[in-house]
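The file my_file.cif contains mmCIF, C-alpha atoms:
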data_upload
loop_
_atom_site.label_atom_id
_atom_site.label_comp_id
_atom_site.auth_asym_id
_atom_site.auth_seq_id
_atom_site.Cartn_x
_atom_site.Cartn_y
_atom_site.Cartn_z
CA MET P 1419 0.00 0.00 0.00
CA ARG P 1420 0.97 3.67 -0.24
CA ALA P 1421 1.17 5.70 2.93
CA VAL P 1422 2.56 8.93 4.35
CA VAL P 1423 5.42 8.61 6.84
CA VAL P 1424 7.02 11.13 9.21
CA PRO P 1425 10.65 10.00 9.78
CA SER P 1426 11.62 13.10 11.81
CA TYR P 1427 9.83 16.09 13.31
CA GLY P 1428 9.67 19.29 11.30
CA ASP P 1429 7.74 21.32 8.74
CA SER P 1430 5.70 19.84 5.91
CA SER P 1431 8.86 18.85 4.02
CA VAL P 1432 9.32 15.88 6.38
CA LEU P 1433 6.13 14.24 5.07
CA GLN P 1434 7.08 11.36 2.79
CA TYR P 1435 4.73 9.46 0.45
CA VAL P 1436 6.10 5.91 0.35
CA GLU P 1437 5.33 2.24 -0.24
CA ARG P 1438 4.65 0.19 2.90
CA PRO P 1439 3.63 -3.43 3.58
CA ASP P 1440 -0.10 -3.97 3.98
CA PRO P 1441 -0.94 -3.98 7.71
CA VAL P 1442 -2.50 -7.02 9.39
CA PRO P 1443 -5.13 -6.67 12.15
CA GLY P 1444 -4.26 -8.17 15.50
CA PRO P 1445 -6.56 -9.19 18.37
CA GLY P 1446 -9.33 -6.66 18.83
CA GLU P 1447 -8.43 -4.77 15.63
CA VAL P 1448 -9.94 -4.26 12.18
CA LEU P 1449 -8.34 -3.55 8.81
CA ILE P 1450 -9.97 -0.75 6.84
CA ASP P 1451 -9.70 0.38 3.23
CA VAL P 1452 -9.42 4.12 3.78
CA ALA P 1453 -11.82 6.18 1.64
CA ALA P 1454 -10.83 9.56 3.09
CA SER P 1455 -8.73 11.02 5.88
CA GLY P 1456 -9.43 14.33 7.58
CA VAL P 1457 -6.64 16.90 7.81
CA ASN P 1458 -6.47 18.51 11.25
CA PHE P 1459 -4.19 20.76 13.28
CA ALA P 1460 -3.55 17.76 15.54
CA ASP P 1461 -1.76 16.18 12.55
CA VAL P 1462 0.44 19.27 12.29
CA TYR P 1463 1.22 19.14 16.02
CA HIS P 1464 2.18 15.45 15.67
CA ARG P 1465 4.38 16.24 12.67
CA GLU P 1466 6.11 19.08 14.50
CA GLY P 1467 6.62 17.02 17.67
CA ARG P 1468 4.47 19.37 19.73
CA TYR P 1469 2.35 16.26 20.42
CA PRO P 1470 5.19 13.73 20.11
CA LEU P 1471 4.73 10.23 18.73
CA PRO P 1472 7.39 7.53 18.37
CA LEU P 1473 9.27 7.96 15.08
CA PRO P 1474 8.70 7.02 12.34
CA PHE P 1475 4.91 7.12 12.18
CA THR P 1476 2.04 7.52 9.73
CA PRO P 1477 0.02 10.62 10.68
CA GLY P 1478 -3.72 11.12 10.42
CA TRP P 1479 -5.99 11.27 13.46
CA GLU P 1480 -9.32 10.63 11.71
CA GLY P 1481 -10.67 8.68 8.76
CA ALA P 1482 -13.44 6.59 7.29
CA GLY P 1483 -13.76 3.66 4.95
CA THR P 1484 -14.82 0.01 4.66
CA VAL P 1485 -13.75 -2.88 6.88
CA VAL P 1486 -11.97 -5.55 4.82
CA ALA P 1487 -10.78 -7.90 7.59
CA VAL P 1488 -11.12 -8.35 11.34
CA GLY P 1489 -8.66 -9.76 13.83
CA PRO P 1490 -9.28 -12.33 16.56
CA GLU P 1491 -11.72 -11.42 19.36
CA VAL P 1492 -13.67 -8.95 17.20
CA THR P 1493 -17.37 -9.75 17.40
CA ASP P 1494 -19.35 -6.55 16.71
CA VAL P 1495 -17.70 -5.43 13.45
CA VAL P 1496 -17.60 -7.46 10.23
CA ALA P 1497 -16.04 -7.14 6.80
CA GLY P 1498 -18.11 -4.83 4.65
CA ASP P 1499 -19.10 -2.48 7.47
CA ARG P 1500 -18.73 1.21 6.65
CA VAL P 1501 -17.01 2.90 9.58
CA GLY P 1502 -15.25 6.02 10.77
CA TRP P 1503 -12.80 6.64 13.60
CA VAL P 1504 -11.05 9.40 15.53
CA ASN P 1505 -8.14 9.64 17.97
CA VAL P 1506 -6.28 6.76 16.33
CA VAL P 1507 -3.14 7.67 14.43
CA GLY P 1508 -2.39 6.26 10.97
CA SER P 1509 -5.16 7.30 8.58
CA TYR P 1510 -2.85 8.93 5.97
CA ALA P 1511 -2.66 5.62 4.10
CA GLU P 1512 -4.55 3.40 1.72
CA LYS P 1513 -5.19 0.93 4.54
CA ALA P 1514 -5.33 1.39 8.31
CA VAL P 1515 -5.58 -0.85 11.35
CA VAL P 1516 -7.91 0.51 14.02
CA PRO P 1517 -9.01 -0.93 17.39
CA ALA P 1518 -12.54 -2.28 16.99
CA ASP P 1519 -13.71 -0.38 20.06
CA LYS P 1520 -12.75 2.90 18.37
CA VAL P 1521 -14.73 2.45 15.15
CA ILE P 1522 -18.10 4.10 14.62
CA LEU P 1523 -20.63 2.47 12.29
CA LEU P 1524 -21.90 4.95 9.71
CA PRO P 1525 -25.63 5.50 9.17
CA GLU P 1526 -27.13 4.41 5.85
CA GLY P 1527 -26.74 7.13 3.26
CA LEU P 1528 -23.81 8.87 4.98
CA SER P 1529 -20.74 8.68 2.76
CA PRO P 1530 -17.31 7.86 4.19
CA GLU P 1531 -16.03 11.19 2.82
CA LEU P 1532 -18.66 13.08 4.77
CA ALA P 1533 -17.88 11.06 7.90
CA ALA P 1534 -14.15 11.75 7.57
CA ALA P 1535 -14.98 15.44 7.17
CA VAL P 1536 -17.10 15.73 10.31
CA LEU P 1537 -16.10 13.21 12.97
CA LEU P 1538 -13.11 14.77 14.74
CA GLN P 1539 -14.15 18.40 14.43
CA GLY P 1540 -17.82 17.58 14.98
CA LEU P 1541 -17.15 15.56 18.13
CA THR P 1542 -14.94 18.41 19.31
CA ALA P 1543 -17.72 20.93 18.72
CA HIS P 1544 -20.14 18.60 20.52
CA TYR P 1545 -18.17 18.29 23.74
CA LEU P 1546 -17.28 22.00 23.70
CA SER P 1547 -20.91 23.12 23.37
CA HIS P 1548 -22.60 20.37 25.39
CA SER P 1549 -20.13 19.52 28.16
CA THR P 1550 -17.14 21.84 28.64
CA TYR P 1551 -19.47 24.83 28.73
CA PRO P 1552 -23.04 23.59 28.24
CA ILE P 1553 -24.54 26.44 26.21
CA ARG P 1554 -27.88 27.75 27.44
CA PRO P 1555 -30.58 29.61 25.50
CA GLY P 1556 -29.72 33.30 25.34
CA ASP P 1557 -26.00 32.90 26.04
CA ASP P 1558 -23.61 35.21 24.21
CA VAL P 1559 -20.97 32.93 22.66
CA LEU P 1560 -17.75 34.03 20.96
CA VAL P 1561 -16.44 31.54 18.39
CA HIS P 1562 -12.99 32.25 16.97
CA ALA P 1563 -12.15 31.13 13.43
CA ALA P 1564 -15.88 30.80 12.84
CA ALA P 1565 -15.35 29.78 9.20
CA GLY P 1566 -12.86 27.04 10.04
CA GLY P 1567 -13.61 23.35 10.36
CA VAL P 1568 -14.54 23.39 14.05
CA GLY P 1569 -15.86 26.94 13.90
CA LEU P 1570 -18.57 26.25 11.32
CA LEU P 1571 -19.81 23.21 13.23
CA LEU P 1572 -19.55 24.87 16.63
CA THR P 1573 -21.50 27.88 15.38
CA GLN P 1574 -24.31 25.64 14.16
CA MET P 1575 -24.42 23.65 17.43
CA ALA P 1576 -24.45 26.84 19.49
CA LYS P 1577 -27.44 28.04 17.46
CA LEU P 1578 -29.18 24.68 17.97
CA ARG P 1579 -28.78 25.30 21.71
CA GLY P 1580 -30.26 28.80 21.49
CA ALA P 1581 -27.17 31.01 21.76
CA ARG P 1582 -26.37 34.33 20.15
CA VAL P 1583 -23.14 33.64 18.27
CA ILE P 1584 -20.43 36.21 17.63
CA GLY P 1585 -17.81 34.87 15.24
CA THR P 1586 -14.38 36.15 14.30
CA VAL P 1587 -13.00 35.80 10.78
CA SER P 1588 -10.19 37.25 8.69
CA THR P 1589 -11.78 37.80 5.26
CA PRO P 1590 -15.11 38.78 3.68
CA GLU P 1591 -15.39 35.28 2.19
CA LYS P 1592 -15.07 33.77 5.65
CA GLU P 1593 -17.62 36.23 7.02
CA LYS P 1594 -20.13 34.98 4.45
CA LEU P 1595 -19.54 31.36 5.47
CA ALA P 1596 -19.83 32.17 9.18
CA ARG P 1597 -23.14 33.97 8.63
CA GLN P 1598 -24.44 31.08 6.52
CA ALA P 1599 -23.66 28.79 9.47
CA GLY P 1600 -25.80 30.99 11.71
CA ALA P 1601 -23.44 33.55 13.25
CA ASP P 1602 -25.50 36.53 14.42
CA GLU P 1603 -22.56 38.94 14.45
CA VAL P 1604 -19.15 38.69 12.77
CA LEU P 1605 -16.03 40.62 13.77
CA GLY P 1606 -12.48 40.85 12.50
CA TYR P 1607 -9.58 40.04 14.80
CA ASP P 1608 -8.57 43.67 15.34
CA ASP P 1609 -10.11 45.00 18.57
CA PHE P 1610 -12.59 42.15 18.77
CA ALA P 1611 -12.74 42.39 22.58
CA GLU P 1612 -14.12 45.90 22.33
CA GLY P 1613 -16.55 44.74 19.67
CA VAL P 1614 -17.84 41.95 21.88
CA LYS P 1615 -18.33 44.32 24.81
CA GLU P 1616 -20.22 46.77 22.58
CA LEU P 1617 -22.51 44.03 21.28
CA THR P 1618 -23.19 42.39 24.65
CA GLY P 1619 -22.82 45.15 27.22
CA SER P 1620 -20.99 43.00 29.77
CA GLY P 1621 -19.11 40.48 27.62
CA ALA P 1622 -19.52 36.92 26.39
CA HIS P 1623 -20.58 34.05 28.61
CA VAL P 1624 -18.00 31.82 26.91
CA VAL P 1625 -15.18 32.15 24.40
CA TYR P 1626 -14.22 29.13 22.29
CA ASP P 1627 -10.63 29.77 21.18
CA GLY P 1628 -8.74 27.38 18.93
CA VAL P 1629 -6.36 30.08 17.67
CA GLY P 1630 -4.20 30.41 20.78
CA ALA P 1631 -1.31 32.83 21.14
CA THR P 1632 -2.56 35.73 19.04
CA THR P 1633 -6.10 35.84 20.45
CA PHE P 1634 -5.72 34.66 24.05
CA ASP P 1635 -5.34 38.00 25.85
CA ALA P 1636 -8.20 39.66 24.03
CA SER P 1637 -10.33 36.54 24.49
CA LEU P 1638 -10.02 36.90 28.26
CA ALA P 1639 -10.92 40.58 27.91
CA SER P 1640 -14.06 39.60 25.95
CA LEU P 1641 -15.62 37.73 28.88
CA ARG P 1642 -18.19 38.95 31.35
CA PRO P 1643 -17.60 38.27 35.08
CA LEU P 1644 -17.74 34.51 35.79
CA GLY P 1645 -17.30 33.83 32.07
CA MET P 1646 -15.40 30.81 30.75
CA MET P 1647 -12.39 30.82 28.45
CA VAL P 1648 -12.23 27.51 26.55
CA LEU P 1649 -8.83 27.17 24.89
CA TYR P 1650 -9.11 24.07 22.71
CA GLY P 1651 -6.28 24.64 20.21
CA ALA P 1652 -3.27 26.73 19.25
CA ALA P 1653 -3.37 27.36 15.50
CA SER P 1654 -1.27 30.52 15.92
CA GLY P 1655 1.11 28.98 18.46
CA PRO P 1656 1.06 27.96 22.12
CA VAL P 1657 -0.11 30.38 24.80
CA PRO P 1658 2.63 31.51 27.23
CA PRO P 1659 2.24 30.71 30.94
CA VAL P 1660 -0.66 32.55 32.59
CA ASP P 1661 -0.73 34.21 36.01
CA PRO P 1662 -3.92 32.92 37.71
CA GLN P 1663 -4.44 36.39 39.19
CA ARG P 1664 -5.52 37.50 35.71
CA LEU P 1665 -8.63 35.35 36.09
CA ASN P 1666 -9.46 37.08 39.35
CA SER P 1667 -8.93 40.60 38.03
CA GLY P 1668 -10.94 39.80 34.90
CA GLY P 1669 -14.02 38.92 36.97
CA SER P 1670 -13.41 35.53 38.61
CA LEU P 1671 -13.08 33.95 35.18
CA PHE P 1672 -12.75 30.27 34.38
CA LEU P 1673 -10.04 28.86 32.08
CA THR P 1674 -9.91 25.33 30.73
CA ARG P 1675 -7.79 23.50 28.13
CA PRO P 1676 -9.89 20.46 27.14
CA SER P 1677 -9.32 17.66 24.65
CA LEU P 1678 -11.61 15.13 23.00
CA GLY P 1679 -9.89 12.13 24.57
CA HIS P 1680 -11.13 13.11 28.01
CA TYR P 1681 -14.67 13.77 26.77
CA ALA P 1682 -14.95 10.47 24.88
CA ALA P 1683 -12.97 8.32 27.29
CA THR P 1684 -15.41 5.39 27.13
CA ARG P 1685 -16.96 3.70 24.12
CA GLU P 1686 -20.40 4.58 25.45
CA GLU P 1687 -19.59 8.29 25.52
CA LEU P 1688 -17.94 8.15 22.08
CA LEU P 1689 -20.98 6.47 20.54
CA SER P 1690 -23.41 8.80 22.31
CA ARG P 1691 -21.71 11.90 20.94
CA ALA P 1692 -21.24 10.32 17.50
CA GLY P 1693 -24.92 9.32 17.44
CA ASP P 1694 -25.99 12.92 18.00
CA LEU P 1695 -23.48 14.25 15.48
CA LEU P 1696 -24.11 11.82 12.63
CA GLY P 1697 -27.85 11.99 13.22
CA TRP P 1698 -27.79 15.78 12.74
CA VAL P 1699 -25.70 15.41 9.59
CA ALA P 1700 -27.95 12.69 8.16
CA SER P 1701 -31.08 14.76 8.87
CA GLY P 1702 -29.62 17.95 7.39
CA ALA P 1703 -29.73 19.79 10.71
CA LEU P 1704 -25.93 20.14 10.57
CA LYS P 1705 -24.19 21.18 7.36
CA VAL P 1706 -20.64 20.05 6.62
CA HIS P 1707 -18.44 22.25 4.42
CA ILE P 1708 -15.69 20.36 2.58
CA SER P 1709 -13.51 23.01 1.03
CA GLN P 1710 -10.79 20.91 -0.63
CA ARG P 1711 -9.91 17.33 -1.46
CA TYR P 1712 -6.27 16.39 -2.12
CA PRO P 1713 -4.75 13.17 -3.45
CA LEU P 1714 -2.82 11.49 -0.64
CA ALA P 1715 0.39 12.17 -2.57
CA ASP P 1716 -0.26 15.93 -2.15
CA VAL P 1717 -0.16 15.77 1.64
CA ARG P 1718 2.50 18.49 1.93
CA GLN P 1719 0.28 20.95 0.08
CA ALA P 1720 -2.67 20.07 2.32
CA HIS P 1721 -0.62 20.79 5.45
CA ASP P 1722 0.75 24.04 4.00
CA ASP P 1723 -2.76 25.21 3.11
CA LEU P 1724 -4.10 24.35 6.56
CA GLU P 1725 -1.25 26.13 8.35
CA SER P 1726 -1.67 29.23 6.21
CA ARG P 1727 -5.08 29.74 7.89
CA ARG P 1728 -6.44 30.78 4.49
CA THR P 1729 -8.67 27.70 4.28
CA THR P 1730 -12.29 27.29 5.28
CA GLY P 1731 -14.21 24.24 6.41
CA LYS P 1732 -12.65 20.80 6.03
CA LEU P 1733 -9.66 19.50 4.08
CA LEU P 1734 -9.60 15.82 3.05
CA LEU P 1735 -6.91 13.48 1.77
CA ILE P 1736 -8.15 10.86 -0.69
CA PRO P 1737 -5.96 7.73 -1.18
#

As structure tokens, please, write out the structure in this file.
Amino acid sequence: MRAVVVPSYGDSSVLQYVERPDPVPGPGEVLIDVAASGVNFADVYHREGRYPLPLPFTPGWEGAGTVVAVGPEVTDVVAGDRVGWVNVVGSYAEKAVVPADKVILLPEGLSPELAAAVLLQGLTAHYLSHSTYPIRPGDDVLVHAAAGGVGLLLTQMAKLRGARVIGTVSTPEKEKLARQAGADEVLGYDDFAEGVKELTGSGAHVVYDGVGATTFDASLASLRPLGMMVLYGAASGPVPPVDPQRLNSGGSLFLTRPSLGHYAATREELLSRAGDLLGWVASGALKVHISQRYPLADVRQAHDDLESRRTTGKLLLIP
């Protein structure tokens, strides 16, 4: 099979498209023909070594396809099942081995491409909006990068829960996408804290920030007293150490740095969130925006485009 390999940490030039032996599923594992792999900032962090993995490795934190073989002790998945998965490395390949307890059966009519485009970012948006800060009707919610992969889904989920959504974007094209997803107000990144205060009077109930270093200070300044800062990513770089006194002086604020692994720690929780997510997609209640599809061989270009922050919605790699 063909696969992408990272032999050493670095920029996109370390990504190598190579021939590899076909993998074989072991006990409790399934072998999947990969139809599509999602491209995510987590893949960039793995490649850079910010989230280190043993070298060499095949990146890709999310994918979907068809089961072609199952290993010993697998009883609830069979060859021919259409499945997706998240939080398992190795999807940048024509074939992938995935633990059976990590696969998610796809509803009838939902394509593997659509599943690969929505699972990781959609599950992230689900736990952010339903668990980390459970949005209530009437809440003022600030969503950074509202036209990005998570941002578009998070905006829609916040609207489903009755929030007023203020999104930040960097271009008129992205503003249009954010408004189509349901954003009530859209701001640029310059002086957005002042804009939020003008729109809300006292500030946002919650800020969902996946940008990181360049937005963090103003995100804190956007909150009302007792508001929550949810830092779920660092697209612009890691946030420097924070003096906890800043939370006090800002109005007894809350700060959390969550990750999906802790909010889908059991199979039951994973399937519950995935059931909500895929049900909304299948019914049309949640729209998924796939902006670009790349051949697997063009993985470097996909990473460069993602890191440029000029993209919108979801990027996919197609073997």

Practice item. Give as a PyMOL selection string every residue, naming chains and numbers as the document does, that has an atom within 12 Å of (-16.0, 19.4, 1.9), counting only C-alpha atoms. Key: chain P and resi 1454-1457+1529-1536+1566-1567+1570+1705-1712+1729-1736

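From CA of Gly1585 (chain P) back to CA of Ala1565 (chain P), the distance works out to 8.3 Å.
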
Handout entry: Residues selected by the PyMOL selection byres ((chain P and resi 1571) around 8), written as a list in words
Key = Gln1539, Gly1540, Ala1543, Gly1567, Val1568, Gly1569, Leu1570, Leu1572, Thr1573, Gln1574, Met1575, Ala1599, Leu1704, Lys1705 and Val1706 of chain P

Among P:Val1462, P:Leu1449, P:Leu1671, P:Ala1622, Asp1722 (chain P) is approached most closely, using only C-alpha atoms, by P:Val1462

Name all residues at most 9 Å from Ser1509 (chain P) (count all atoms listed in the file; drop same-chain ones fewer than 6 positions away) and give them as a list in words.
Ala1421, Val1422, Val1452, Ala1454, Ser1455, Gly1456, Thr1476, Pro1477, Gly1478, Trp1479, Glu1480, Gly1481, Ala1482 and Val1515 of chain P

Please, could you write that set of residues out with C-alpha atoms as a PDB file, in the frame of the given file?
ATOM      1  CA  ALA P1421       1.170   5.700   2.930  1.00  0.00           C
ATOM      2  CA  VAL P1422       2.560   8.930   4.350  1.00  0.00           C
ATOM      3  CA  VAL P1452      -9.420   4.120   3.780  1.00  0.00           C
ATOM      4  CA  ALA P1454     -10.830   9.560   3.090  1.00  0.00           C
ATOM      5  CA  SER P1455      -8.730  11.020   5.880  1.00  0.00           C
ATOM      6  CA  GLY P1456      -9.430  14.330   7.580  1.00  0.00           C
ATOM      7  CA  THR P1476       2.040   7.520   9.730  1.00  0.00           C
ATOM      8  CA  PRO P1477       0.020  10.620  10.680  1.00  0.00           C
ATOM      9  CA  GLY P1478      -3.720  11.120  10.420  1.00  0.00           C
ATOM     10  CA  TRP P1479      -5.990  11.270  13.460  1.00  0.00           C
ATOM     11  CA  GLU P1480      -9.320  10.630  11.710  1.00  0.00           C
ATOM     12  CA  GLY P1481     -10.670   8.680   8.760  1.00  0.00           C
ATOM     13  CA  ALA P1482     -13.440   6.590   7.290  1.00  0.00           C
ATOM     14  CA  VAL P1515      -5.580  -0.850  11.350  1.00  0.00           C
TER      15      VAL P1515
END

TODO: Please evaluate the PyMOL selection byres ((chain P and resi 1490) around 12) against the structure above and give the resulting residues as number ranges by chain.
DONE: P: 1442-1449, 1487-1489, 1491-1496, 1517-1518

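Nearest residue to Val1485 (chain P), choosing from P:Leu1578, P:Leu1473, P:Ala1692, P:Leu1523 and counting all atoms listed in the file: P:Leu1523.
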
inquiry  = Please list as a PyMOL selection string every residue within 12 Å of Glu1687 (chain P), counting only C-alpha atoms and excluding residues in the same chain fewer than 6 positions away.
reply    = chain P and resi 1519-1520+1522+1541+1544-1545+1549+1678-1681+1693-1694

Taken to one decimal, the CA of Glu1686 (chain P)-CA of Gly1502 (chain P) distance is 15.6 Å

#### Entry: Test item: residues at most 12 Å from Glu1437 (chain P), all atoms listed in the file, excluding those fewer than 5 positions along its chain, as a ChimeraX atom specification
/P:1419-1423,1476,1511-1513,1715
